[in-house]
$ cat my_file39.csv   # CSV, C-alpha atoms
chain,number,residue,atom,x,y,z
A,1,MET,CA,4.6,-18.7,11.7
A,2,THR,CA,7.0,-20.2,9.1
A,3,ALA,CA,10.7,-19.9,10.0
A,4,VAL,CA,12.8,-17.9,7.4
A,5,PRO,CA,15.9,-19.8,6.4
A,6,GLN,CA,19.0,-18.1,7.8
A,7,PHE,CA,20.5,-17.2,4.4
A,8,GLN,CA,17.4,-16.2,2.5
A,9,LEU,CA,17.4,-12.7,1.1
A,10,LYS,CA,14.9,-10.4,2.8
A,11,HIS,CA,11.9,-8.7,1.1
A,12,THR,CA,11.4,-5.0,1.3
A,13,PRO,CA,8.0,-3.7,2.6
A,14,PHE,CA,7.0,-3.1,-1.0
A,15,HIS,CA,7.7,-6.6,-2.3
A,16,GLU,CA,4.0,-7.5,-2.5
A,17,ARG,CA,3.7,-4.8,-5.2
A,18,THR,CA,7.1,-4.8,-6.9
A,19,SER,CA,7.1,-8.6,-7.4
A,20,GLN,CA,3.8,-8.4,-9.3
A,21,LEU,CA,4.9,-5.5,-11.5
A,22,SER,CA,8.3,-6.8,-12.7
A,23,LEU,CA,7.6,-8.3,-16.1
A,24,PRO,CA,11.0,-10.1,-16.5
A,25,GLN,CA,11.3,-10.9,-12.8
A,26,ASN,CA,14.8,-9.3,-13.0
A,27,TRP,CA,16.1,-9.2,-9.4
A,28,ARG,CA,19.3,-7.9,-7.8
A,29,ARG,CA,20.8,-8.2,-4.3
A,30,TRP,CA,21.1,-5.1,-2.2
A,31,ALA,CA,22.2,-5.2,1.4
A,32,GLY,CA,20.7,-8.6,2.1
A,33,HIS,CA,17.5,-7.8,0.3
A,34,ILE,CA,16.1,-8.8,-3.1
A,35,VAL,CA,15.1,-5.8,-5.2
A,36,VAL,CA,13.8,-5.3,-8.7
A,37,GLY,CA,16.5,-4.8,-11.3
A,38,SER,CA,14.0,-3.7,-14.0
A,39,TYR,CA,10.3,-3.8,-14.4
A,40,ASP,CA,10.4,-4.0,-18.2
A,41,LEU,CA,12.4,-6.3,-20.6
A,42,HIS,CA,14.6,-3.2,-21.2
A,43,VAL,CA,15.5,-0.2,-19.1
A,44,GLU,CA,14.6,2.7,-21.6
A,45,ARG,CA,11.1,3.4,-20.3
A,46,GLU,CA,12.3,3.5,-16.6
A,47,TYR,CA,15.3,5.6,-17.5
A,48,TRP,CA,13.3,8.2,-19.4
A,49,ALA,CA,10.7,8.3,-16.5
A,50,ILE,CA,13.6,9.6,-14.3
A,51,ARG,CA,14.6,12.3,-16.9
A,52,ASP,CA,11.3,13.3,-18.4
A,53,ALA,CA,8.5,12.4,-16.0
A,54,VAL,CA,8.5,10.7,-12.6
A,55,ALA,CA,10.0,7.3,-11.4
A,56,LEU,CA,9.1,5.4,-8.2
A,57,ILE,CA,12.1,3.5,-6.8
A,58,ASP,CA,12.2,1.2,-3.7
A,59,VAL,CA,15.3,2.2,-1.7
A,60,SER,CA,14.3,0.4,1.5
A,61,PRO,CA,17.5,-1.7,1.8
A,62,LEU,CA,19.4,1.5,2.9
A,63,MET,CA,20.7,1.0,6.4
A,64,LYS,CA,19.0,3.5,8.7
A,65,TYR,CA,20.0,4.6,12.2
A,66,MET,CA,18.3,7.0,14.7
A,67,ILE,CA,20.9,8.8,16.8
A,68,GLU,CA,19.4,10.7,19.7
A,69,GLY,CA,20.4,12.4,22.9
A,70,PRO,CA,22.4,15.3,24.3
A,71,ASP,CA,25.7,14.1,22.6
A,72,ALA,CA,24.1,13.0,19.3
A,73,ALA,CA,25.7,15.9,17.3
A,74,ARG,CA,29.0,15.4,19.2
A,75,LEU,CA,29.1,11.8,18.1
A,76,LEU,CA,28.4,12.6,14.5
A,77,ASP,CA,31.0,15.4,14.5
A,78,LYS,CA,33.6,12.9,15.7
A,79,LEU,CA,32.7,10.4,13.0
A,80,VAL,CA,32.4,12.5,9.8
A,81,PRO,CA,34.5,15.2,8.2
A,82,ARG,CA,31.4,17.5,7.7
A,83,ASP,CA,30.7,20.2,10.3
A,84,ILE,CA,27.6,18.9,12.0
A,85,ALA,CA,27.3,21.9,14.2
A,86,LYS,CA,26.5,24.0,11.2
A,87,MET,CA,23.5,21.8,10.2
A,88,ALA,CA,20.2,23.4,11.0
A,89,VAL,CA,17.1,21.4,12.1
A,90,GLY,CA,15.5,20.2,8.9
A,91,GLN,CA,18.7,20.0,6.9
A,92,VAL,CA,20.2,16.9,5.2
A,93,GLY,CA,23.9,16.5,4.7
A,94,TYR,CA,25.7,14.0,2.4
A,95,THR,CA,29.0,12.8,3.8
A,96,GLY,CA,31.5,10.0,3.9
A,97,TRP,CA,33.3,8.7,7.0
A,98,CYS,CA,36.8,7.3,7.4
A,99,ASP,CA,39.1,5.2,9.4
A,100,ASP,CA,42.0,6.8,11.2
A,101,GLU,CA,44.1,6.7,8.0
A,102,GLY,CA,41.6,8.9,6.2
A,103,LYS,CA,40.2,6.1,4.0
A,104,LEU,CA,36.5,5.8,3.3
A,105,LEU,CA,34.5,3.2,5.3
A,106,ASP,CA,31.1,4.2,3.9
A,107,ASP,CA,29.0,7.2,2.7
A,108,GLY,CA,25.4,8.3,3.3
A,109,THR,CA,23.2,11.1,4.5
A,110,ILE,CA,22.6,12.7,7.9
A,111,SER,CA,19.2,14.3,8.5
A,112,ARG,CA,18.9,16.6,11.4
A,113,LEU,CA,15.3,15.9,12.5
A,114,GLY,CA,15.6,17.9,15.8
A,115,GLU,CA,18.2,19.6,18.0
A,116,THR,CA,19.3,16.2,19.4
A,117,THR,CA,17.8,13.8,16.9
A,118,PHE,CA,19.4,12.6,13.7
A,119,ARG,CA,18.9,9.9,11.1
A,120,LEU,CA,21.9,8.4,9.4
A,121,THR,CA,21.7,6.3,6.3
A,122,SER,CA,24.5,4.0,5.1
A,123,ALA,CA,25.2,1.4,2.5
A,124,GLU,CA,26.9,-1.1,4.9
A,125,PRO,CA,25.9,-2.1,8.5
A,126,SER,CA,27.3,0.7,10.7
A,127,LEU,CA,25.9,-0.1,14.2
A,128,ARG,CA,29.2,-1.4,15.5
A,129,TRP,CA,31.2,1.5,14.2
A,130,LEU,CA,28.7,4.0,15.7
A,131,SER,CA,28.6,2.2,19.1
A,132,MET,CA,32.4,2.0,19.3
A,133,ASN,CA,32.8,5.7,18.9
A,134,ALA,CA,29.9,6.5,21.2
A,135,VAL,CA,31.6,5.1,24.3
A,136,GLY,CA,31.4,7.7,27.1
A,137,LEU,CA,28.8,9.8,25.3
A,138,ASP,CA,25.2,10.5,26.3
A,139,VAL,CA,23.6,9.2,23.1
A,140,SER,CA,21.3,6.3,22.0
A,141,ILE,CA,21.7,4.6,18.7
A,142,THR,CA,18.9,2.5,17.3
A,143,GLU,CA,18.9,0.6,14.0
A,144,VAL,CA,15.5,1.1,12.2
A,145,THR,CA,16.4,-0.5,8.8
A,146,GLU,CA,13.6,-3.1,9.0
A,147,LYS,CA,11.1,-0.8,10.7
A,148,MET,CA,11.1,1.8,7.9
A,149,GLY,CA,10.1,1.7,4.3
A,150,ALA,CA,11.8,4.1,1.9
A,151,LEU,CA,10.8,5.2,-1.6
A,152,SER,CA,12.6,7.5,-4.0
A,153,LEU,CA,10.4,9.6,-6.2
A,154,GLN,CA,12.6,11.1,-9.0
A,155,GLY,CA,12.0,13.2,-12.1
A,156,PRO,CA,10.9,16.7,-13.2
A,157,LYS,CA,7.2,15.9,-12.3
A,158,SER,CA,7.9,14.4,-8.9
A,159,ARG,CA,6.9,17.5,-6.9
A,160,THR,CA,3.6,17.8,-8.8
A,161,VAL,CA,2.7,14.2,-7.9
A,162,LEU,CA,3.6,14.6,-4.3
A,163,ASN,CA,1.6,17.8,-4.0
A,164,LYS,CA,-1.5,15.8,-5.0
A,165,VAL,CA,-1.2,13.3,-2.1
A,166,CYS,CA,0.6,15.2,0.7
A,167,GLY,CA,-1.1,17.1,3.5
A,168,LYS,CA,1.5,20.0,3.2
A,169,SER,CA,2.8,21.5,-0.1
A,170,LEU,CA,6.3,20.6,-1.2
A,171,ASP,CA,6.8,23.8,-3.1
A,172,LYS,CA,9.0,25.5,-0.4
A,173,LEU,CA,11.1,22.4,0.6
A,174,LYS,CA,14.6,23.3,-0.5
A,175,TYR,CA,17.3,21.1,-1.9
A,176,PHE,CA,18.7,18.8,0.8
A,177,ARG,CA,16.1,19.7,3.4
A,178,VAL,CA,13.6,17.4,5.1
A,179,MET,CA,10.1,17.9,6.5
A,180,GLU,CA,7.4,16.0,8.3
A,181,ASN,CA,4.2,15.5,6.3
A,182,THR,CA,1.3,13.2,5.7
A,183,LEU,CA,0.8,11.2,2.5
A,184,ALA,CA,-2.6,9.7,1.9
A,185,GLY,CA,-3.2,10.3,5.6
A,186,ARG,CA,-0.1,8.4,6.7
A,187,LYS,CA,2.7,10.0,8.7
A,188,VAL,CA,5.9,10.3,6.6
A,189,THR,CA,9.1,12.4,6.5
A,190,ILE,CA,10.1,13.6,3.0
A,191,SER,CA,13.6,14.7,2.1
A,192,ARG,CA,14.5,16.5,-1.1
A,193,THR,CA,17.3,14.1,-1.9
A,194,GLY,CA,18.0,11.2,-4.3
A,195,TYR,CA,20.5,9.2,-6.3
A,196,THR,CA,19.6,10.4,-9.9
A,197,GLY,CA,20.8,14.0,-10.2
A,198,ASP,CA,17.3,15.1,-11.0
A,199,LEU,CA,14.5,16.8,-9.1
A,200,GLY,CA,13.6,14.2,-6.6
A,201,TYR,CA,12.4,13.3,-3.1
A,202,GLU,CA,12.8,10.4,-0.7
A,203,ILE,CA,9.9,9.3,1.4
A,204,TRP,CA,10.4,7.6,4.8
A,205,MET,CA,7.6,5.8,6.5
A,206,ASP,CA,6.7,3.1,9.0
A,207,VAL,CA,6.5,-0.3,7.4
A,208,ALA,CA,2.9,-0.7,8.3
A,209,ASP,CA,2.1,2.3,6.0
A,210,ALA,CA,4.3,1.2,3.1
A,211,LEU,CA,1.8,-0.3,0.8
A,212,ALA,CA,-0.7,2.5,1.3
A,213,VAL,CA,1.9,5.1,0.4
A,214,TRP,CA,3.0,3.1,-2.7
A,215,ASP,CA,-0.6,2.7,-3.9
A,216,ALA,CA,-1.3,6.4,-3.4
A,217,LEU,CA,1.7,7.5,-5.3
A,218,MET,CA,1.0,5.1,-8.2
A,219,GLU,CA,-2.5,6.4,-8.5
A,220,ALA,CA,-1.6,10.1,-8.2
A,221,GLY,CA,1.2,9.7,-10.7
A,222,HIS,CA,-0.8,7.8,-13.4
A,223,ASP,CA,-1.6,11.0,-15.4
A,224,TYR,CA,2.0,12.2,-15.1
A,225,GLY,CA,3.7,9.2,-16.6
A,226,LEU,CA,4.8,7.7,-13.3
A,227,VAL,CA,6.7,4.4,-13.8
A,228,PRO,CA,8.1,2.1,-11.2
A,229,CYS,CA,11.8,2.0,-11.7
A,230,GLY,CA,14.4,-0.6,-10.9
A,231,ILE,CA,18.0,-0.2,-9.9
A,232,LEU,CA,19.4,-0.7,-13.4
A,233,ALA,CA,17.9,2.5,-14.7
A,234,MET,CA,18.9,4.3,-11.5
A,235,ASP,CA,22.4,3.1,-12.1
A,236,MET,CA,22.6,4.9,-15.4
A,237,ALA,CA,21.2,8.1,-13.9
A,238,ARG,CA,23.6,8.1,-11.0
A,239,VAL,CA,26.6,7.9,-13.3
A,240,GLU,CA,25.3,10.9,-15.3
A,241,ALA,CA,25.0,12.7,-12.0
A,242,GLY,CA,28.6,11.8,-11.1
A,243,LEU,CA,27.5,9.8,-8.0
A,244,PHE,CA,29.6,6.8,-7.0
A,245,MET,CA,28.7,3.5,-5.3
A,246,ILE,CA,30.4,1.5,-2.6
A,247,ASP,CA,31.8,-1.9,-3.7
A,248,VAL,CA,31.6,-0.6,-7.3
A,249,ASP,CA,33.5,2.7,-7.5
A,250,TYR,CA,35.3,2.3,-4.2
A,251,THR,CA,36.1,-0.4,-1.7
A,252,ALA,CA,35.3,0.2,2.0
A,253,ALA,CA,38.6,0.5,3.9
A,254,ASN,CA,37.6,-2.3,6.3
A,255,HIS,CA,36.9,-4.7,3.3
A,256,ALA,CA,40.0,-3.9,1.3
A,257,TRP,CA,42.7,-6.6,1.0
A,258,ILE,CA,45.5,-4.2,0.1
A,259,GLU,CA,46.3,-0.6,0.7
A,260,GLY,CA,45.9,0.2,-3.0
A,261,GLN,CA,42.2,-0.7,-2.9
A,262,LYS,CA,41.4,2.1,-0.4
A,263,SER,CA,40.2,5.6,-1.3
A,264,SER,CA,40.0,8.8,0.7
A,265,PRO,CA,37.1,11.2,0.4
A,266,LEU,CA,39.5,13.7,-1.2
A,267,GLU,CA,40.4,11.1,-3.9
A,268,MET,CA,36.7,10.5,-4.5
A,269,GLY,CA,36.0,14.2,-5.2
A,270,LEU,CA,34.3,14.9,-1.8
A,271,ASP,CA,36.6,17.9,-1.1
A,272,TRP,CA,33.4,20.0,-0.6
A,273,ALA,CA,32.2,17.7,2.2
A,274,VAL,CA,35.6,17.6,4.1
A,275,HIS,CA,35.5,20.6,6.5
A,276,LEU,CA,39.1,20.7,7.8
A,277,ASP,CA,38.3,24.2,9.3
A,278,LYS,CA,35.9,22.7,11.8
A,279,PRO,CA,37.1,22.6,15.4
A,280,GLY,CA,38.2,19.5,17.2
A,281,TYR,CA,39.1,16.0,16.3
A,282,PHE,CA,37.3,13.7,13.9
A,283,VAL,CA,38.3,10.2,12.8
A,284,GLY,CA,40.8,10.5,9.9
A,285,ARG,CA,41.5,14.3,10.4
A,286,ARG,CA,45.3,14.2,10.5
A,287,ALA,CA,45.6,12.0,7.5
A,288,LEU,CA,43.2,14.2,5.5
A,289,GLU,CA,45.1,17.3,6.5
A,290,ARG,CA,48.3,15.7,5.2
A,291,GLU,CA,46.7,14.7,1.9
A,292,GLN,CA,45.2,18.1,1.4
A,293,LYS,CA,48.6,19.7,1.9
A,294,ALA,CA,50.5,17.3,-0.3
A,295,GLY,CA,47.8,16.8,-3.0
A,296,SER,CA,45.9,13.6,-3.8
A,297,LEU,CA,47.7,10.9,-5.8
A,298,TRP,CA,44.4,9.8,-7.4
A,299,LYS,CA,41.1,11.4,-8.2
A,300,LEU,CA,37.7,10.2,-9.3
A,301,VAL,CA,36.6,12.2,-12.3
A,302,GLY,CA,34.4,12.0,-15.4
A,303,PHE,CA,35.5,10.7,-18.8
A,304,GLU,CA,33.8,11.2,-22.2
A,305,VAL,CA,34.6,8.8,-25.0
A,306,ASP,CA,35.1,10.5,-28.4
A,307,TRP,CA,32.5,8.9,-30.6
A,308,ALA,CA,34.3,10.0,-33.8
A,309,GLY,CA,37.5,8.4,-32.5
A,310,MET,CA,35.8,5.1,-31.4
A,311,GLU,CA,33.8,4.6,-34.6
A,312,PRO,CA,36.8,3.6,-36.8
A,313,LEU,CA,37.8,0.9,-34.3
A,314,PHE,CA,34.5,-0.9,-35.1
A,315,ALA,CA,34.4,0.2,-38.8
A,316,ALA,CA,37.7,-1.7,-39.4
A,317,VAL,CA,35.8,-5.0,-38.8
A,318,GLY,CA,32.6,-3.9,-40.6
A,319,LEU,CA,30.6,-3.0,-37.4
A,320,PRO,CA,28.9,0.0,-36.1
A,321,PRO,CA,30.0,1.0,-32.5
A,322,GLN,CA,28.8,-1.4,-29.9
A,323,ILE,CA,27.7,0.4,-26.7
A,324,PRO,CA,26.4,-1.1,-23.5
A,325,ALA,CA,22.6,-1.1,-23.0
A,326,MET,CA,23.0,-0.4,-19.3
A,327,ALA,CA,25.6,0.8,-16.8
A,328,VAL,CA,28.6,-1.6,-16.7
A,329,ARG,CA,30.1,-2.1,-13.2
A,330,GLY,CA,33.5,-3.3,-14.2
A,331,SER,CA,37.1,-2.1,-14.4
A,332,LEU,CA,38.3,-0.8,-17.8
A,333,PRO,CA,41.9,0.4,-18.2
A,334,VAL,CA,42.5,4.1,-19.0
A,335,MET,CA,45.7,4.8,-21.0
A,336,HIS,CA,48.0,7.7,-21.8
A,337,GLU,CA,50.3,7.1,-24.7
A,338,GLY,CA,50.3,3.3,-24.2
A,339,LYS,CA,50.8,3.5,-20.4
A,340,GLN,CA,47.9,2.8,-18.0
A,341,VAL,CA,47.2,5.8,-15.7
A,342,GLY,CA,43.9,4.7,-14.2
A,343,TYR,CA,40.7,2.8,-14.7
A,344,ALA,CA,37.0,3.3,-15.2
A,345,SER,CA,34.9,1.7,-12.4
A,346,THR,CA,31.4,2.3,-14.0
A,347,SER,CA,30.7,3.2,-17.6
A,348,THR,CA,27.4,3.7,-19.4
A,349,TRP,CA,25.8,5.1,-22.5
A,350,SER,CA,24.0,8.3,-21.5
A,351,PRO,CA,20.7,8.5,-23.4
A,352,VAL,CA,20.0,12.1,-22.5
A,353,LEU,CA,23.5,13.3,-23.5
A,354,LYS,CA,24.0,10.9,-26.4
A,355,LYS,CA,27.5,10.2,-25.1
A,356,TYR,CA,29.5,7.2,-23.8
A,357,ILE,CA,30.6,8.2,-20.3
A,358,ALA,CA,32.5,6.7,-17.4
A,359,LEU,CA,33.5,7.4,-13.8
A,360,VAL,CA,37.3,7.0,-13.8
A,361,HIS,CA,40.1,6.9,-11.2
A,362,LEU,CA,43.2,8.6,-12.5
A,363,GLN,CA,46.7,9.2,-11.1
A,364,ALA,CA,48.1,12.7,-10.9
A,365,PRO,CA,48.5,14.7,-13.1
A,366,TYR,CA,46.2,13.0,-15.5
A,367,TYR,CA,43.0,13.8,-13.7
A,368,GLU,CA,42.9,17.5,-14.8
A,369,PRO,CA,39.9,18.4,-16.9
A,370,GLY,CA,40.6,18.4,-20.6
A,371,THR,CA,43.4,15.7,-20.4
A,372,GLN,CA,43.3,13.5,-23.5
A,373,LEU,CA,43.3,9.8,-22.6
A,374,ALA,CA,42.0,6.5,-24.0
A,375,MET,CA,39.7,3.9,-22.5
A,376,GLU,CA,39.6,0.2,-23.3
A,377,VAL,CA,36.8,-1.0,-25.6
A,378,THR,CA,36.4,-4.6,-26.8
A,379,VAL,CA,36.0,-4.9,-30.6
A,380,GLU,CA,35.3,-8.5,-31.8
A,381,HIS,CA,37.1,-10.0,-28.8
A,382,LYS,CA,40.1,-7.6,-29.1
A,383,ARG,CA,41.0,-5.1,-26.5
A,384,LEU,CA,41.5,-1.7,-28.1
A,385,HIS,CA,41.5,1.8,-26.8
A,386,ALA,CA,39.0,4.6,-27.7
A,387,PRO,CA,40.1,8.2,-27.3
A,388,GLY,CA,38.4,10.6,-25.0
A,389,LYS,CA,38.9,13.4,-22.5
A,390,VAL,CA,38.7,14.0,-18.7
A,391,VAL,CA,35.7,16.2,-17.7
A,392,LYS,CA,34.3,17.6,-14.5
A,393,LEU,CA,31.5,15.9,-12.7
A,394,PRO,CA,28.5,15.8,-12.9
A,395,PHE,CA,28.0,15.0,-16.6
A,396,TYR,CA,24.3,16.1,-16.3
A,397,GLU,CA,22.6,18.5,-14.0
A,398,PRO,CA,19.2,19.9,-15.1
A,399,GLU,CA,18.3,23.4,-14.0
A,400,TRP,CA,15.2,22.3,-12.2
A,401,LYS,CA,17.2,20.0,-9.9
A,402,LYS,CA,17.7,22.6,-7.1
A,403,LYS,CA,14.9,25.1,-8.0
$ encode --input "my_file39.csv" --output "C-alpha cells"
Amino acid sequence: MTAVPQFQLKHTPFHERTSQLSLPQNWRRWAGHIVVGSYDLHVEREYWAIRDAVALIDVSPLMKYMIEGPDAARLLDKLVPRDIAKMAVGQVGYTGWCDDEGKLLDDGTISRLGETTFRLTSAEPSLRWLSMNAVGLDVSITEVTEKMGALSLQGPKSRTVLNKVCGKSLDKLKYFRVMENTLAGRKVTISRTGYTGDLGYEIWMDVADALAVWDALMEAGHDYGLVPCGILAMDMARVEAGLFMIDVDYTAANHAWIEGQKSSPLEMGLDWAVHLDKPGYFVGRRALEREQKAGSLWKLVGFEVDWAGMEPLFAAVGLPPQIPAMAVRGSLPVMHEGKQVGYASTSTWSPVLKKYIALVHLQAPYYEPGTQLAMEVTVEHKRLHAPGKVVKLPFYEPEWKKK
C-alpha cells in the first residue's frame, strides 16, 4: 500500500465520481479534504439546481462524532446552550457552543438517534473539547468522520428523487428530523436538514456504500434536473438563507488573536438557540446571561444594497454596475454618515431575489431593521459607498422549505 504524504489533502468517499465530473477541476480545501468548488465553468446551473430542481452536494468533510452512553445527554447539555433534554428521539437540533466567556467555539447539529445515542457534527475538530468536558461522565465519544460519507440533496424536487430510491417514504419526515432508511438497498440515515435554506435532506452512510448511493441518486434524479453541485453555488444559497460560516463570518474563540475577533451566539443571531431557561450549568451560561440582560454590542444581520443608489457610482465613469459572480468571503466596511459602524463578512448577488445582499456585523444601535447605511464598493479602483438598508434574516425562505 502506498504511503500517503503527511500533508496531502484527503479525498472524500465520493472523489472517484466528483473528480471525473468537474469540468474546470475547480477545487477547494475543506477541513483537510479536497472538494469540488464548481462542476461547470460558471456556477449558474448549479445554483439554479438548488433553487428550481435538485442539487447533489458532497458534505463528507463535516466532522462527525458519536456520543453514546447513560450520560450522553448530560454531556451535551453541559456543552451547548440548547436544552438537550427537550429533544425527542429522531430530532435534529442546530446549535453553537461556547467557551466560558460565552464566545463561540464552533457550531453544528446534534441528532438524537436514540435515548442515549447522539451524533454531533462540527466544522472544526472537537474530540478534545468533548473529551475534556466528559471527565467523570459515563459516556463514550467516537469520531466517525472518515468512516461516514455524507451527501446533501437540496432543492424543491429533492423529496421526489429520494422517494424513488428509498425503502421508506420521506413524505412524513418533518423539518429537522432524522430517520433510518435504505437507499438502493444500502443502510442510511436521512435528516431533513441542509445549508441552502431550501427543501433538502442530508444522507449519512458507511463509506463502503458511498459510491452506490451516489450512483443511485444521480440515476434517479436524471429526469428531475439533478445536478452535482460544488461549494461555490452552495455558498451563494447559504447567504440567501442567512446562514453563517466559521472562519468566514466568525472566528472560533480558540483561534482568535484578540478579543474583538470573538463573537457570542447572541451576537450571531442565535438567540432562538440559547435556552437560558434550561436548568443547570452549561459552558458560557453566566456570560450569556449578562449579555442578554445588558444587550449585545454587535449583531449579525442582513443588508440589501440599493441598486438605484449604486448605479450612479458606476455611471459616473461610464460603466454599468459590476456585481460579483459568486459569494465574496471578504470584509467590506459598512458606514453611517461617514463613520464605520460595522462590516460585511460575506456578500453576493442573489439570482433568485435579483438583489446584491450581504451578511453584516453591526454595532448597536445600527443593527435595527430598516436602518439606512452604506457598504463599500470598488469602482475603477476607487473605494466608494453604495447605500442600502438593514434587513432581517433570512433573505430568502421558500414556502416549501418546511412543508
$ residues_around --input "my_file39.csv" --residues "A:Ala85" --least-positions-apart "2" --cutoff "12 Å" --atoms "all atoms listed in the file" --output "PDB file with C-alpha atoms, keeping the file's coordinate frame"
ATOM      1  CA  ASP A  71      25.700  14.100  22.600  1.00  0.00           C
ATOM      2  CA  ALA A  72      24.100  13.000  19.300  1.00  0.00           C
ATOM      3  CA  ALA A  73      25.700  15.900  17.300  1.00  0.00           C
ATOM      4  CA  ARG A  74      29.000  15.400  19.200  1.00  0.00           C
ATOM      5  CA  LEU A  75      29.100  11.800  18.100  1.00  0.00           C
ATOM      6  CA  LEU A  76      28.400  12.600  14.500  1.00  0.00           C
ATOM      7  CA  ASP A  77      31.000  15.400  14.500  1.00  0.00           C
ATOM      8  CA  LYS A  78      33.600  12.900  15.700  1.00  0.00           C
ATOM      9  CA  VAL A  80      32.400  12.500   9.800  1.00  0.00           C
ATOM     10  CA  PRO A  81      34.500  15.200   8.200  1.00  0.00           C
ATOM     11  CA  ARG A  82      31.400  17.500   7.700  1.00  0.00           C
ATOM     12  CA  ASP A  83      30.700  20.200  10.300  1.00  0.00           C
ATOM     13  CA  MET A  87      23.500  21.800  10.200  1.00  0.00           C
ATOM     14  CA  ALA A  88      20.200  23.400  11.000  1.00  0.00           C
ATOM     15  CA  VAL A  89      17.100  21.400  12.100  1.00  0.00           C
ATOM     16  CA  GLN A  91      18.700  20.000   6.900  1.00  0.00           C
ATOM     17  CA  GLY A  93      23.900  16.500   4.700  1.00  0.00           C
ATOM     18  CA  ARG A 112      18.900  16.600  11.400  1.00  0.00           C
ATOM     19  CA  GLU A 115      18.200  19.600  18.000  1.00  0.00           C
ATOM     20  CA  THR A 116      19.300  16.200  19.400  1.00  0.00           C
ATOM     21  CA  HIS A 275      35.500  20.600   6.500  1.00  0.00           C
ATOM     22  CA  LYS A 278      35.900  22.700  11.800  1.00  0.00           C
ATOM     23  CA  PRO A 279      37.100  22.600  15.400  1.00  0.00           C
ATOM     24  CA  GLY A 280      38.200  19.500  17.200  1.00  0.00           C
TER      25      GLY A 280
END
$ closest_residue --input "my_file39.csv" --among "A:Glu143, A:Pro320, A:Cys229, A:Thr251" --to "A:Leu23" --atoms "all atoms listed in the file"
A:Cys229
$ closest_atom_pairs --input "my_file39.csv" --of "stretch 220-257 of chain A" --to "stretch 194-205 of chain A" --cutoff "6 Å" --atoms "only C-alpha atoms" --output "JSON lines"
{"residue": "A:Ala237", "atom": "CA", "partner": "A:Thr196", "partner_atom": "CA", "distance": 4.9}
{"residue": "A:Arg238", "atom": "CA", "partner": "A:Thr196", "partner_atom": "CA", "distance": 4.7}
{"residue": "A:Ala241", "atom": "CA", "partner": "A:Gly197", "partner_atom": "CA", "distance": 4.8}
$ atom_distance --input "my_file39.csv" --atom1 "atom CA of A:Leu300" --atom2 "atom CA of A:Val360"
5.5 Å
$ closest_residue --input "my_file39.csv" --among "A:Pro398, A:Gly388, A:Pro333, A:Gly309" --to "A:Val352" --atoms "all atoms listed in the file"
A:Pro398
$ decode --input "my_file39.csv" --residues "stretch 314-318 of chain A" --atoms "all heavy atoms" --output "PDB file, in the first residue's frame"
ATOM      1  N   PHE A 314     -21.245  53.862 -10.665  1.00  0.00           N
ATOM      2  CA  PHE A 314     -20.610  53.282 -11.844  1.00  0.00           C
ATOM      3  C   PHE A 314     -20.872  54.125 -13.090  1.00  0.00           C
ATOM      4  O   PHE A 314     -19.998  54.264 -13.961  1.00  0.00           O
ATOM      5  CB  PHE A 314     -21.113  51.850 -12.053  1.00  0.00           C
ATOM      6  CG  PHE A 314     -20.610  50.870 -11.033  1.00  0.00           C
ATOM      7  CD1 PHE A 314     -21.295  50.653  -9.841  1.00  0.00           C
ATOM      8  CD2 PHE A 314     -19.444  50.156 -11.259  1.00  0.00           C
ATOM      9  CE1 PHE A 314     -20.824  49.752  -8.893  1.00  0.00           C
ATOM     10  CE2 PHE A 314     -18.966  49.253 -10.322  1.00  0.00           C
ATOM     11  CZ  PHE A 314     -19.656  49.052  -9.139  1.00  0.00           C
ATOM     12  N   ALA A 315     -22.074  54.684 -13.163  1.00  0.00           N
ATOM     13  CA  ALA A 315     -22.422  55.510 -14.326  1.00  0.00           C
ATOM     14  C   ALA A 315     -21.495  56.713 -14.449  1.00  0.00           C
ATOM     15  O   ALA A 315     -21.201  57.176 -15.561  1.00  0.00           O
ATOM     16  CB  ALA A 315     -23.874  55.973 -14.217  1.00  0.00           C
ATOM     17  N   ALA A 316     -20.987  57.204 -13.320  1.00  0.00           N
ATOM     18  CA  ALA A 316     -20.109  58.377 -13.334  1.00  0.00           C
ATOM     19  C   ALA A 316     -18.821  58.123 -14.108  1.00  0.00           C
ATOM     20  O   ALA A 316     -18.195  59.065 -14.606  1.00  0.00           O
ATOM     21  CB  ALA A 316     -19.784  58.793 -11.897  1.00  0.00           C
ATOM     22  N   VAL A 317     -18.432  56.835 -14.229  1.00  0.00           N
ATOM     23  CA  VAL A 317     -17.228  56.509 -15.015  1.00  0.00           C
ATOM     24  C   VAL A 317     -17.584  55.752 -16.288  1.00  0.00           C
ATOM     25  O   VAL A 317     -16.726  55.150 -16.933  1.00  0.00           O
ATOM     26  CB  VAL A 317     -16.224  55.687 -14.168  1.00  0.00           C
ATOM     27  CG1 VAL A 317     -15.699  56.513 -13.004  1.00  0.00           C
ATOM     28  CG2 VAL A 317     -16.848  54.386 -13.675  1.00  0.00           C
ATOM     29  N   GLY A 318     -18.880  55.757 -16.624  1.00  0.00           N
ATOM     30  CA  GLY A 318     -19.316  55.157 -17.877  1.00  0.00           C
ATOM     31  C   GLY A 318     -19.467  53.654 -17.847  1.00  0.00           C
ATOM     32  O   GLY A 318     -19.368  52.998 -18.886  1.00  0.00           O
TER      33      GLY A 318
END
